[in-house]
Each structure stands twice: as structure tokens, then as C-alpha cells.
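The data block below is query-v1.cif; it holds mmCIF, C-alpha atoms.
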data_data
loop_
_atom_site.group_PDB
_atom_site.id
_atom_site.type_symbol
_atom_site.label_atom_id
_atom_site.label_comp_id
_atom_site.auth_asym_id
_atom_site.auth_seq_id
_atom_site.Cartn_x
_atom_site.Cartn_y
_atom_site.Cartn_z
ATOM 1 C CA MET E 1 94.311 75.658 107.343
ATOM 2 C CA SER E 2 97.896 74.876 108.325
ATOM 3 C CA ASP E 3 99.667 76.955 110.940
ATOM 4 C CA PRO E 4 101.741 79.553 109.063
ATOM 5 C CA ARG E 5 103.944 80.582 112.006
ATOM 6 C CA PRO E 6 106.642 77.875 111.781
ATOM 7 C CA ASP E 7 107.116 78.620 108.074
ATOM 8 C CA ARG E 8 107.294 82.359 108.765
ATOM 9 C CA ARG E 9 110.011 81.792 111.355
ATOM 10 C CA ALA E 10 111.887 79.431 109.022
ATOM 11 C CA ARG E 11 111.925 82.116 106.320
ATOM 12 C CA LEU E 12 113.155 84.618 108.891
ATOM 13 C CA VAL E 13 115.970 82.291 109.984
ATOM 14 C CA ALA E 14 117.021 81.914 106.345
ATOM 15 C CA GLU E 15 117.132 85.700 106.047
ATOM 16 C CA LEU E 16 119.179 85.923 109.246
ATOM 17 C CA ALA E 17 121.682 83.447 107.850
ATOM 18 C CA ALA E 18 122.039 85.596 104.735
ATOM 19 C CA ARG E 19 122.813 88.553 107.000
ATOM 20 C CA ASP E 20 125.257 86.553 109.165
ATOM 21 C CA LEU E 21 122.990 86.804 112.212
ATOM 22 C CA GLY E 22 122.412 84.042 114.728
ATOM 23 C CA ALA E 23 119.218 85.493 116.157
ATOM 24 C CA LEU E 24 116.882 88.474 115.920
ATOM 25 C CA VAL E 25 115.241 90.224 118.871
ATOM 26 C CA VAL E 26 111.758 91.264 117.695
ATOM 27 C CA THR E 27 110.156 94.028 119.768
ATOM 28 C CA HIS E 28 107.584 95.411 117.294
ATOM 29 C CA LEU E 29 104.343 93.903 118.587
ATOM 30 C CA PRO E 30 102.653 93.392 115.174
ATOM 31 C CA SER E 31 105.720 91.407 114.086
ATOM 32 C CA VAL E 32 105.776 89.503 117.386
ATOM 33 C CA ARG E 33 102.154 88.517 116.732
ATOM 34 C CA TRP E 34 102.906 87.546 113.115
ATOM 35 C CA LEU E 35 105.756 85.274 114.180
ATOM 36 C CA THR E 36 104.334 83.758 117.372
ATOM 37 C CA GLY E 37 100.601 84.456 117.688
ATOM 38 C CA TYR E 38 101.052 86.401 120.919
ATOM 39 C CA VAL E 39 98.492 89.142 121.525
ATOM 40 C CA GLY E 40 99.402 91.429 124.413
ATOM 41 C CA SER E 41 101.043 94.704 125.339
ATOM 42 C CA ASN E 42 104.354 93.368 126.683
ATOM 43 C CA GLY E 43 106.120 90.783 124.587
ATOM 44 C CA VAL E 44 109.494 90.241 122.915
ATOM 45 C CA ALA E 45 110.246 87.424 120.498
ATOM 46 C CA VAL E 46 113.695 85.967 119.970
ATOM 47 C CA ILE E 47 114.022 83.979 116.751
ATOM 48 C CA GLY E 48 117.251 82.106 116.080
ATOM 49 C CA ARG E 49 118.948 79.191 114.438
ATOM 50 C CA ALA E 50 118.033 76.885 117.324
ATOM 51 C CA GLY E 51 114.391 77.871 117.738
ATOM 52 C CA ALA E 52 112.022 80.562 118.936
ATOM 53 C CA ALA E 53 110.971 82.018 122.264
ATOM 54 C CA LEU E 54 108.469 84.577 123.485
ATOM 55 C CA LEU E 55 109.371 86.639 126.545
ATOM 56 C CA THR E 56 106.448 88.134 128.449
ATOM 57 C CA ASP E 57 105.461 88.857 132.046
ATOM 58 C CA PHE E 58 103.269 87.042 134.562
ATOM 59 C CA ARG E 59 100.124 88.948 133.541
ATOM 60 C CA TYR E 60 100.126 87.179 130.174
ATOM 61 C CA GLU E 61 101.416 83.755 131.206
ATOM 62 C CA THR E 62 98.134 81.885 130.779
ATOM 63 C CA SER E 63 97.057 83.608 127.571
ATOM 64 C CA ALA E 64 100.518 83.489 126.002
ATOM 65 C CA ARG E 65 100.794 79.735 126.444
ATOM 66 C CA THR E 66 97.506 79.267 124.599
ATOM 67 C CA GLN E 67 98.313 81.778 121.850
ATOM 68 C CA VAL E 68 101.752 80.624 120.700
ATOM 69 C CA ASP E 69 102.376 77.363 118.848
ATOM 70 C CA GLU E 70 104.119 74.392 120.436
ATOM 71 C CA ALA E 71 107.430 75.092 118.730
ATOM 72 C CA CYS E 72 107.736 78.493 120.411
ATOM 73 C CA ARG E 73 108.886 78.501 124.041
ATOM 74 C CA VAL E 74 107.294 80.933 126.511
ATOM 75 C CA VAL E 75 109.681 82.613 128.971
ATOM 76 C CA ILE E 76 108.046 84.413 131.898
ATOM 77 C CA ARG E 77 109.927 87.428 133.174
ATOM 78 C CA THR E 78 109.340 90.474 135.313
ATOM 79 C CA LEU E 79 107.998 93.549 133.509
ATOM 80 C CA ASP E 80 111.548 94.202 132.215
ATOM 81 C CA LEU E 81 111.702 91.734 129.350
ATOM 82 C CA LEU E 82 114.932 93.001 127.819
ATOM 83 C CA GLY E 83 116.885 91.761 130.838
ATOM 84 C CA GLY E 84 116.126 88.182 129.795
ATOM 85 C CA VAL E 85 117.117 88.608 126.162
ATOM 86 C CA PRO E 86 120.884 87.856 126.349
ATOM 87 C CA GLU E 87 120.451 84.399 127.874
ATOM 88 C CA VAL E 88 117.742 83.399 125.407
ATOM 89 C CA ALA E 89 119.584 84.929 122.436
ATOM 90 C CA ARG E 90 122.805 83.055 123.314
ATOM 91 C CA GLU E 91 120.910 79.758 123.367
ATOM 92 C CA LEU E 92 118.760 80.254 120.271
ATOM 93 C CA GLY E 93 121.370 82.124 118.254
ATOM 94 C CA GLU E 94 124.081 79.594 119.075
ATOM 95 C CA GLY E 95 126.485 82.380 119.965
ATOM 96 C CA GLY E 96 126.130 84.255 116.673
ATOM 97 C CA ARG E 97 125.540 87.968 116.216
ATOM 98 C CA VAL E 98 122.215 89.224 117.547
ATOM 99 C CA GLY E 99 120.097 91.589 115.473
ATOM 100 C CA LEU E 100 118.067 94.313 117.191
ATOM 101 C CA GLU E 101 115.152 96.125 115.532
ATOM 102 C CA ALA E 102 116.710 99.576 115.615
ATOM 103 C CA GLN E 103 113.614 101.383 114.347
ATOM 104 C CA HIS E 104 111.453 99.946 117.137
ATOM 105 C CA LEU E 105 113.743 100.513 120.132
ATOM 106 C CA SER E 106 114.265 103.770 121.964
ATOM 107 C CA MET E 107 117.831 104.978 122.327
ATOM 108 C CA ALA E 108 117.782 104.023 126.011
ATOM 109 C CA GLN E 109 116.468 100.529 125.281
ATOM 110 C CA GLY E 110 119.002 99.999 122.499
ATOM 111 C CA GLN E 111 121.924 101.103 124.629
ATOM 112 C CA LYS E 112 120.784 98.945 127.526
ATOM 113 C CA LEU E 113 120.325 95.885 125.349
ATOM 114 C CA MET E 114 123.639 96.329 123.528
ATOM 115 C CA ALA E 115 125.440 96.606 126.858
ATOM 116 C CA ALA E 116 123.683 93.531 128.264
ATOM 117 C CA LEU E 117 124.540 91.483 125.170
ATOM 118 C CA SER E 118 128.170 92.605 125.359
ATOM 119 C CA GLU E 119 128.379 91.589 129.027
ATOM 120 C CA ALA E 120 127.039 88.189 127.995
ATOM 121 C CA GLY E 121 129.787 87.833 125.387
ATOM 122 C CA LEU E 122 127.472 88.472 122.434
ATOM 123 C CA GLN E 123 127.674 91.034 119.646
ATOM 124 C CA GLY E 124 124.521 93.034 119.038
ATOM 125 C CA THR E 125 123.861 94.932 115.844
ATOM 126 C CA GLY E 126 121.059 97.149 114.604
ATOM 127 C CA THR E 127 118.755 95.950 111.838
ATOM 128 C CA SER E 128 115.952 97.560 109.871
ATOM 129 C CA GLY E 129 112.958 96.034 108.123
ATOM 130 C CA VAL E 130 114.009 92.381 108.361
ATOM 131 C CA VAL E 131 110.593 91.076 109.432
ATOM 132 C CA GLU E 132 108.677 93.806 107.617
ATOM 133 C CA GLU E 133 110.124 92.692 104.284
ATOM 134 C CA LEU E 134 108.818 89.188 104.911
ATOM 135 C CA ARG E 135 105.424 90.483 106.020
ATOM 136 C CA MET E 136 105.080 92.657 102.929
ATOM 137 C CA VAL E 137 103.770 89.867 100.686
ATOM 138 C CA LYS E 138 100.571 88.421 102.140
ATOM 139 C CA ASP E 139 99.481 84.807 101.811
ATOM 140 C CA ALA E 140 95.911 83.824 100.905
ATOM 141 C CA ASP E 141 94.792 83.588 104.536
ATOM 142 C CA GLU E 142 96.149 87.047 105.299
ATOM 143 C CA VAL E 143 94.386 88.492 102.266
ATOM 144 C CA ALA E 144 91.128 86.951 103.506
ATOM 145 C CA LEU E 145 91.584 88.594 106.911
ATOM 146 C CA ILE E 146 92.266 91.972 105.298
ATOM 147 C CA ARG E 147 89.130 91.566 103.176
ATOM 148 C CA GLU E 148 87.100 90.841 106.298
ATOM 149 C CA SER E 149 88.519 93.932 107.990
ATOM 150 C CA ALA E 150 87.469 95.970 104.946
ATOM 151 C CA ARG E 151 84.020 94.377 104.991
ATOM 152 C CA ILE E 152 83.526 95.336 108.641
ATOM 153 C CA THR E 153 84.594 98.909 107.915
ATOM 154 C CA ASP E 154 82.305 99.171 104.901
ATOM 155 C CA ALA E 155 79.327 97.749 106.809
ATOM 156 C CA ALA E 156 79.901 100.131 109.732
ATOM 157 C CA LEU E 157 79.983 103.124 107.398
ATOM 158 C CA GLU E 158 76.790 102.017 105.668
ATOM 159 C CA ARG E 159 75.036 101.537 109.019
ATOM 160 C CA VAL E 160 75.969 104.979 110.349
ATOM 161 C CA THR E 161 75.436 107.023 107.203
ATOM 162 C CA ALA E 162 71.988 105.468 106.770
ATOM 163 C CA LYS E 163 70.976 107.538 109.807
ATOM 164 C CA GLY E 164 72.003 110.724 108.013
ATOM 165 C CA LEU E 165 74.811 113.168 108.746
ATOM 166 C CA VAL E 166 73.141 116.591 108.753
ATOM 167 C CA GLY E 167 72.513 118.025 112.204
ATOM 168 C CA ARG E 168 74.973 115.711 113.975
ATOM 169 C CA THR E 169 78.401 116.763 115.193
ATOM 170 C CA GLU E 170 81.605 115.402 113.698
ATOM 171 C CA ARG E 171 82.514 113.897 117.052
ATOM 172 C CA GLU E 172 79.161 112.156 117.376
ATOM 173 C CA VAL E 173 79.413 110.560 113.942
ATOM 174 C CA ALA E 174 83.030 109.492 114.579
ATOM 175 C CA TRP E 175 82.057 107.782 117.829
ATOM 176 C CA ASP E 176 79.043 106.137 116.177
ATOM 177 C CA LEU E 177 81.351 104.687 113.517
ATOM 178 C CA ARG E 178 83.684 103.302 116.160
ATOM 179 C CA VAL E 179 80.794 101.659 118.026
ATOM 180 C CA ALA E 180 79.462 100.159 114.793
ATOM 181 C CA MET E 181 82.851 98.650 113.917
ATOM 182 C CA HIS E 182 83.048 97.096 117.378
ATOM 183 C CA GLU E 183 79.544 95.668 117.129
ATOM 184 C CA LEU E 184 80.362 94.164 113.735
ATOM 185 C CA GLY E 185 83.383 92.282 115.109
ATOM 186 C CA ALA E 186 86.372 94.612 114.933
ATOM 187 C CA GLU E 187 89.071 94.437 117.606
ATOM 188 C CA GLY E 188 89.185 98.209 117.412
ATOM 189 C CA PRO E 189 89.817 101.038 114.957
ATOM 190 C CA SER E 190 93.049 100.821 112.961
ATOM 191 C CA PHE E 191 93.529 104.563 113.586
ATOM 192 C CA ASP E 192 91.544 107.450 115.056
ATOM 193 C CA THR E 193 88.399 107.861 112.990
ATOM 194 C CA ILE E 194 88.180 111.148 111.085
ATOM 195 C CA VAL E 195 84.924 112.927 110.299
ATOM 196 C CA ALA E 196 85.523 116.374 108.810
ATOM 197 C CA ALA E 197 82.775 118.591 107.429
ATOM 198 C CA ALA E 198 82.947 121.684 105.207
ATOM 199 C CA ALA E 199 86.298 123.525 105.521
ATOM 200 C CA ASN E 200 87.572 120.937 108.012
ATOM 201 C CA GLY E 201 87.613 118.392 105.178
ATOM 202 C CA ALA E 202 90.586 120.206 103.654
ATOM 203 C CA LYS E 203 92.701 119.534 106.738
ATOM 204 C CA PRO E 204 94.867 116.421 106.500
ATOM 205 C CA HIS E 205 94.071 114.182 109.476
ATOM 206 C CA ALA E 206 91.467 116.548 110.900
ATOM 207 C CA VAL E 207 90.273 115.920 114.468
ATOM 208 C CA PRO E 208 86.482 115.548 114.783
ATOM 209 C CA GLY E 209 85.011 118.410 116.787
ATOM 210 C CA ASP E 210 81.688 119.727 118.030
ATOM 211 C CA GLN E 211 80.876 121.423 114.730
ATOM 212 C CA VAL E 212 77.389 120.480 113.530
ATOM 213 C CA ILE E 213 77.371 119.080 109.994
ATOM 214 C CA PRO E 214 75.337 121.400 107.737
ATOM 215 C CA GLU E 215 73.437 120.829 104.529
ATOM 216 C CA GLY E 216 74.996 121.509 101.136
ATOM 217 C CA THR E 217 78.592 120.669 101.956
ATOM 218 C CA LEU E 218 81.108 117.833 101.734
ATOM 219 C CA VAL E 219 81.975 115.516 104.619
ATOM 220 C CA VAL E 220 85.189 113.486 104.584
ATOM 221 C CA VAL E 221 85.146 110.211 106.513
ATOM 222 C CA ASP E 222 88.456 108.387 106.998
ATOM 223 C CA MET E 223 88.189 105.166 109.000
ATOM 224 C CA GLY E 224 89.435 101.624 109.358
ATOM 225 C CA SER E 225 89.103 98.583 111.582
ATOM 226 C CA ILE E 226 91.357 95.852 112.947
ATOM 227 C CA HIS E 227 90.310 92.230 112.446
ATOM 228 C CA ALA E 228 92.536 89.437 113.794
ATOM 229 C CA GLY E 229 95.451 91.860 113.720
ATOM 230 C CA TYR E 230 94.886 92.996 110.118
ATOM 231 C CA CYS E 231 93.872 96.543 109.258
ATOM 232 C CA SER E 232 91.722 98.296 106.711
ATOM 233 C CA ASP E 233 91.720 101.959 105.724
ATOM 234 C CA MET E 234 88.868 103.605 103.826
ATOM 235 C CA THR E 235 88.191 107.224 102.908
ATOM 236 C CA ARG E 236 84.844 108.433 101.567
ATOM 237 C CA THR E 237 83.463 111.881 100.774
ATOM 238 C CA PHE E 238 79.741 112.560 101.121
ATOM 239 C CA ALA E 239 77.631 115.459 99.872
ATOM 240 C CA THR E 240 74.942 116.558 102.304
ATOM 241 C CA GLY E 241 72.817 118.083 99.559
ATOM 242 C CA PRO E 242 73.257 120.071 96.323
ATOM 243 C CA LEU E 243 76.759 121.562 96.199
ATOM 244 C CA PRO E 244 78.024 124.987 95.169
ATOM 245 C CA ASP E 245 79.732 124.876 91.757
ATOM 246 C CA GLU E 246 83.242 125.187 93.229
ATOM 247 C CA LEU E 247 82.755 122.211 95.558
ATOM 248 C CA GLN E 248 81.222 120.154 92.775
ATOM 249 C CA ARG E 249 84.237 120.834 90.539
ATOM 250 C CA ALA E 250 86.622 119.860 93.350
ATOM 251 C CA TYR E 251 84.700 116.647 93.936
ATOM 252 C CA ASP E 252 84.696 115.774 90.227
ATOM 253 C CA VAL E 253 88.468 116.319 89.905
ATOM 254 C CA CYS E 254 89.186 114.095 92.904
ATOM 255 C CA ALA E 255 86.822 111.394 91.657
ATOM 256 C CA GLU E 256 88.471 111.417 88.224
ATOM 257 C CA ALA E 257 91.935 111.099 89.790
ATOM 258 C CA GLN E 258 90.786 108.246 92.015
ATOM 259 C CA LEU E 259 89.292 106.293 89.108
ATOM 260 C CA ALA E 260 92.442 106.826 87.047
ATOM 261 C CA ALA E 261 94.593 105.513 89.893
ATOM 262 C CA LEU E 262 92.419 102.410 90.303
ATOM 263 C CA ALA E 263 92.575 101.752 86.539
ATOM 264 C CA ALA E 264 96.389 101.938 86.662
ATOM 265 C CA CYS E 265 96.790 99.478 89.556
ATOM 266 C CA ARG E 266 98.407 96.139 88.715
ATOM 267 C CA PRO E 267 99.619 93.200 90.844
ATOM 268 C CA GLY E 268 103.165 93.818 92.072
#
Can the structure in the file be given as C-alpha cells, please?
Amino acid sequence: MSDPRPDRRARLVAELAARDLGALVVTHLPSVRWLTGYVGSNGVAVIGRAGAALLTDFRYETSARTQVDEACRVVIRTLDLLGGVPEVARELGEGGRVGLEAQHLSMAQGQKLMAALSEAGLQGTGTSGVVEELRMVKDADEVALIRESARITDAALERVTAKGLVGRTEREVAWDLRVAMHELGAEGPSFDTIVAAAANGAKPHAVPGDQVIPEGTLVVVDMGSIHAGYCSDMTRTFATGPLPDELQRAYDVCAEAQLAALAACRPG
């Protein structure tokens, strides 16, 4: 399998040229990982006409140098990474305008960075969705990673529900699912796991509580895992025994709608 990162950055540079930008400062960590391979909590990528660089701090120096590819330079800074952006952006952007991910910077960060770029003789400008548009279409390797994330999630659900749900609390089942995903190879959950029984199942994004799951009701489980940076998201509804007529009708309507949606799905 060839390394996809240089091609990803080349496509980004082509997009920057179309937008009359010399460089882009990438602060959204999933996009930083997609472009460089860096996995950490404090990293900024600068991608420009003249190359790519990852700014991080001393805590990640050793790991960062092993994670990024040879064509991406690692710049070690203090915890304040934005202070090093103007110098790197001037070099890699060859003096052109510098794009900033407006939707991923706080107002304070944006103002600070714009001022620092101006002091360095550079023009900063806000951008939106530049990297995300490139990430939207997945290559074959990315699809395989997403499938593996889904497989882990599915296997974890099967393992936990095989123990039964009745008599356990929502919180207990939610934690059991998280442990199972971890044991099956997930980096972590892709979002907080939801287990919602009876009336709680009607609450969007319910928070699992200490309610004991009873017989003869519906239990909504909404869960997902992260594998190699790629996420899955799965929702299932279980009956814990024979259902009252009203619940059965509600279940049947939802199932019919779900099947109709799947039948209507097409590539693109």
C-alpha cells in the first residue's frame, strides 16, 4: 500500500492555488492526521506551495517524527504552536496569502494569528471546508478502515447483548459496550455510547442512567468506535420481550422507513 499523504497534500496545494492561497494553516486535528499522520492532542499543520510542516511541542517530538512521512518537516515549539506559524507559513507559502480554518479556531486564536501574520508581512484570510471537501470522498484504504471500525462496533454489540439486557442498568450496559470495543481493538468510542430503555428511548441523545432495564420494552443502543482514526456509528433497537401493541406499531413503522431508506441509497 502506497503512502497516501503526499498525494493528499498535493491535491490540497492544487486547491489552494485555485483559491489564490500560498499556504493553509490546518488546526483541526482529524485533518492534521489525514494530511501528516500525526496523532496527538497538540499539533498544527502548515501546507503550502513549497512543502509541508507539522508544528507540535516537546511532549510529542519522538512520536511525531515517527508518525509523519519524510516529506513533512517537524517543527518543535513551546505549547503555543500558533506563535510559530508565521515563519513557517512565509517559507512554505512563498509569501502568498495564508488561509486559516475559520470554523476550527476560536475568535481569540483567529485574532491572534491574523495579527501575527500581519506583523510578519503576510495576509491571512479565513477559509471553510477546504480540507473537508477533499476528505469527503474516501479511497479504497479508507473504506477498508471504516469497514473495520464498523466490524468492531458490531462485534462489541453482539458480545454485550448476548449477556442479556433485562435487569441491568443503562449505565452498566453502556460501559460494557465501551469495554468490549476497546478489547476488540478500537482506539475509543466515536461518541458517548447511548443506552436508553423504555421512555428514555424517545429522547434524542439520551444519557444512560441508573434505570434498570425492564422486560417488555424497547431499548435503543447508539454506539460507534474509532479505528485508525476512522469512525463508525450504529443504532439498534431491541425488544426485551413481547411488546404492547402501541410499541410494536412504532417499531414496525420505523423498521419500514429504515428499509425504504436503504433501498433508495445509491453511490454518490
Report task. For range 21-34 of chain E, list every protein, DNA or RNA residue within 8 Å, evaluated using all atoms listed in the file, and leave out those in the same chain fewer than 2 positions away; present the list as a ChimeraX atom specification. Result -> /E:5,13,16-19,36-39,41,43-49,85,89,92-101,104-105,131-132,229
Please, could you write that set of residues out with C-alpha atoms as a short mmCIF file (atom, residue, chain, number, x, y, z; two decimals), keeping the file's coordinate frame?
data_model
loop_
_atom_site.label_atom_id
_atom_site.label_comp_id
_atom_site.auth_asym_id
_atom_site.auth_seq_id
_atom_site.Cartn_x
_atom_site.Cartn_y
_atom_site.Cartn_z
CA ARG E 5 103.94 80.58 112.01
CA VAL E 13 115.97 82.29 109.98
CA LEU E 16 119.18 85.92 109.25
CA ALA E 17 121.68 83.45 107.85
CA ALA E 18 122.04 85.60 104.74
CA ARG E 19 122.81 88.55 107.00
CA THR E 36 104.33 83.76 117.37
CA GLY E 37 100.60 84.46 117.69
CA TYR E 38 101.05 86.40 120.92
CA VAL E 39 98.49 89.14 121.52
CA SER E 41 101.04 94.70 125.34
CA GLY E 43 106.12 90.78 124.59
CA VAL E 44 109.49 90.24 122.92
CA ALA E 45 110.25 87.42 120.50
CA VAL E 46 113.70 85.97 119.97
CA ILE E 47 114.02 83.98 116.75
CA GLY E 48 117.25 82.11 116.08
CA ARG E 49 118.95 79.19 114.44
CA VAL E 85 117.12 88.61 126.16
CA ALA E 89 119.58 84.93 122.44
CA LEU E 92 118.76 80.25 120.27
CA GLY E 93 121.37 82.12 118.25
CA GLU E 94 124.08 79.59 119.08
CA GLY E 95 126.48 82.38 119.96
CA GLY E 96 126.13 84.26 116.67
CA ARG E 97 125.54 87.97 116.22
CA VAL E 98 122.22 89.22 117.55
CA GLY E 99 120.10 91.59 115.47
CA LEU E 100 118.07 94.31 117.19
CA GLU E 101 115.15 96.12 115.53
CA HIS E 104 111.45 99.95 117.14
CA LEU E 105 113.74 100.51 120.13
CA VAL E 131 110.59 91.08 109.43
CA GLU E 132 108.68 93.81 107.62
CA GLY E 229 95.45 91.86 113.72
#
**Report entry** Distance criterion (all atoms listed in the file): nearest to Arg178 in chain E out of E:Val219, E:Ile194, E:Ala162, E:Ile146
**Finding:** E:Ile194
**Report entry** the PyMOL selection byres ((chain E and resi 210) around 9) resolved against shown file, as number ranges by chain
**Finding:** E: 168-172, 208-209, 211-212
What would the file look like if the residues just selected were written as a JSON list (two decimals), in the coordinates of the input with C-alpha atoms?
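The resulting file, selection26.json, is reproduced below:
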[["chain", "number", "residue", "atom", "x", "y", "z"],
["E", 168, "ARG", "CA", 74.97, 115.71, 113.98],
["E", 169, "THR", "CA", 78.40, 116.76, 115.19],
["E", 170, "GLU", "CA", 81.60, 115.40, 113.70],
["E", 171, "ARG", "CA", 82.51, 113.90, 117.05],
["E", 172, "GLU", "CA", 79.16, 112.16, 117.38],
["E", 208, "PRO", "CA", 86.48, 115.55, 114.78],
["E", 209, "GLY", "CA", 85.01, 118.41, 116.79],
["E", 211, "GLN", "CA", 80.88, 121.42, 114.73],
["E", 212, "VAL", "CA", 77.39, 120.48, 113.53]]
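Taking CA of Val179 in chain E as the reference point, CA of Asp192 in chain E is found at 12.6 Å.
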Requested in this report: Specify as a VMD selection string each residue included when the PyMOL selection byres ((chain E and resi 122) around 10) is applied to this file.
Outcome: chain E and resid 86 to 87 89 to 90 93 95 to 98 114 to 121 123 to 125
Query raised in the report: Closest to Arg9 in chain E among E:Arg249, E:Arg59, E:Arg135, E:Arg266, using all atoms listed in the file?
Result: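 Of E:Arg249, E:Arg59, E:Arg135, E:Arg266, the one nearest Arg9 in chain E is E:Arg135, counting all atoms listed in the file.
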**Report entry** Separation of CA of Ala202 in chain E from CA of Leu259 in chain E, in Å and rounded to one decimal
**Finding:**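 Going from CA of Ala202 in chain E over to CA of Leu259 in chain E, I get 20.2 Å.
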Report task. Skip Ser232 in chain E itself and residues of its chain fewer than 4 positions away, then list as an MDAnalysis selection string all residues within 9 Å of it, counting all atoms listed in the file. Result -> chainID E and resid 146:153 189:190 223:227
Query raised in the report: What is the distance between CA of Gly201 in chain E and CA of Leu218 in chain E, in Å to one decimal?
Result: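 That distance, rounded to one decimal, is 7.4 Å.
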Query raised in the report: If you count only C-alpha atoms, which residues fall within 10 Å of Gly84 in chain E, apart from same-chain ones fewer than 5 positions away, as a list in words?
Result: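 Once the adjacent positions are removed, what remains is Val44, Leu55, Thr56, Val75, Ile76, Arg77, Thr78, Ala89, Leu113 and Ala116 of chain E.
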Requested in this report: Report the residues retrieved by the PyMOL selection byres ((chain E and resi 158) around 12) from the displayed file, expressed as a list of chain:residue names.
Outcome: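 Expected selection for the PyMOL selection byres ((chain E and resi 158) around 12) here is E:Arg151, E:Ile152, E:Thr153, E:Asp154, E:Ala155, E:Ala156, E:Leu157, E:Arg159, E:Val160, E:Thr161, E:Ala162, E:Lys163, E:Gly164, E:Leu165, E:Asp176, E:Leu177, E:Ala180, E:Met181, E:Leu184, E:Val221, E:Arg236, E:Phe238.
Distances here use all atoms listed in the file; by that measure, the residue among E:Leu262, E:Ala206, E:Glu142, E:Leu134 closest to Leu12 in chain E is E:Leu134.
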**Report entry** Nearest to Asp222 in chain E, chosen from E:Val143, E:Ala198, E:Cys254, E:Ala174, with all atoms listed in the file counted in the distances
**Finding:**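 Closest to Asp222 in chain E, using all atoms listed in the file: E:Ala174.
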Query raised in the report: If you count all atoms listed in the file, which residues fall within 8 Å of Cys72 in chain E, apart from same-chain ones fewer than 6 positions away, as a PyMOL selection string?
Result: chain E and resi 36+51-54
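Considering the residues E:Asp57, E:Ala50, E:Asp245, E:Val68 and counting all atoms listed in the file, Glu91 in chain E has its shortest atom-to-atom contact with E:Ala50.
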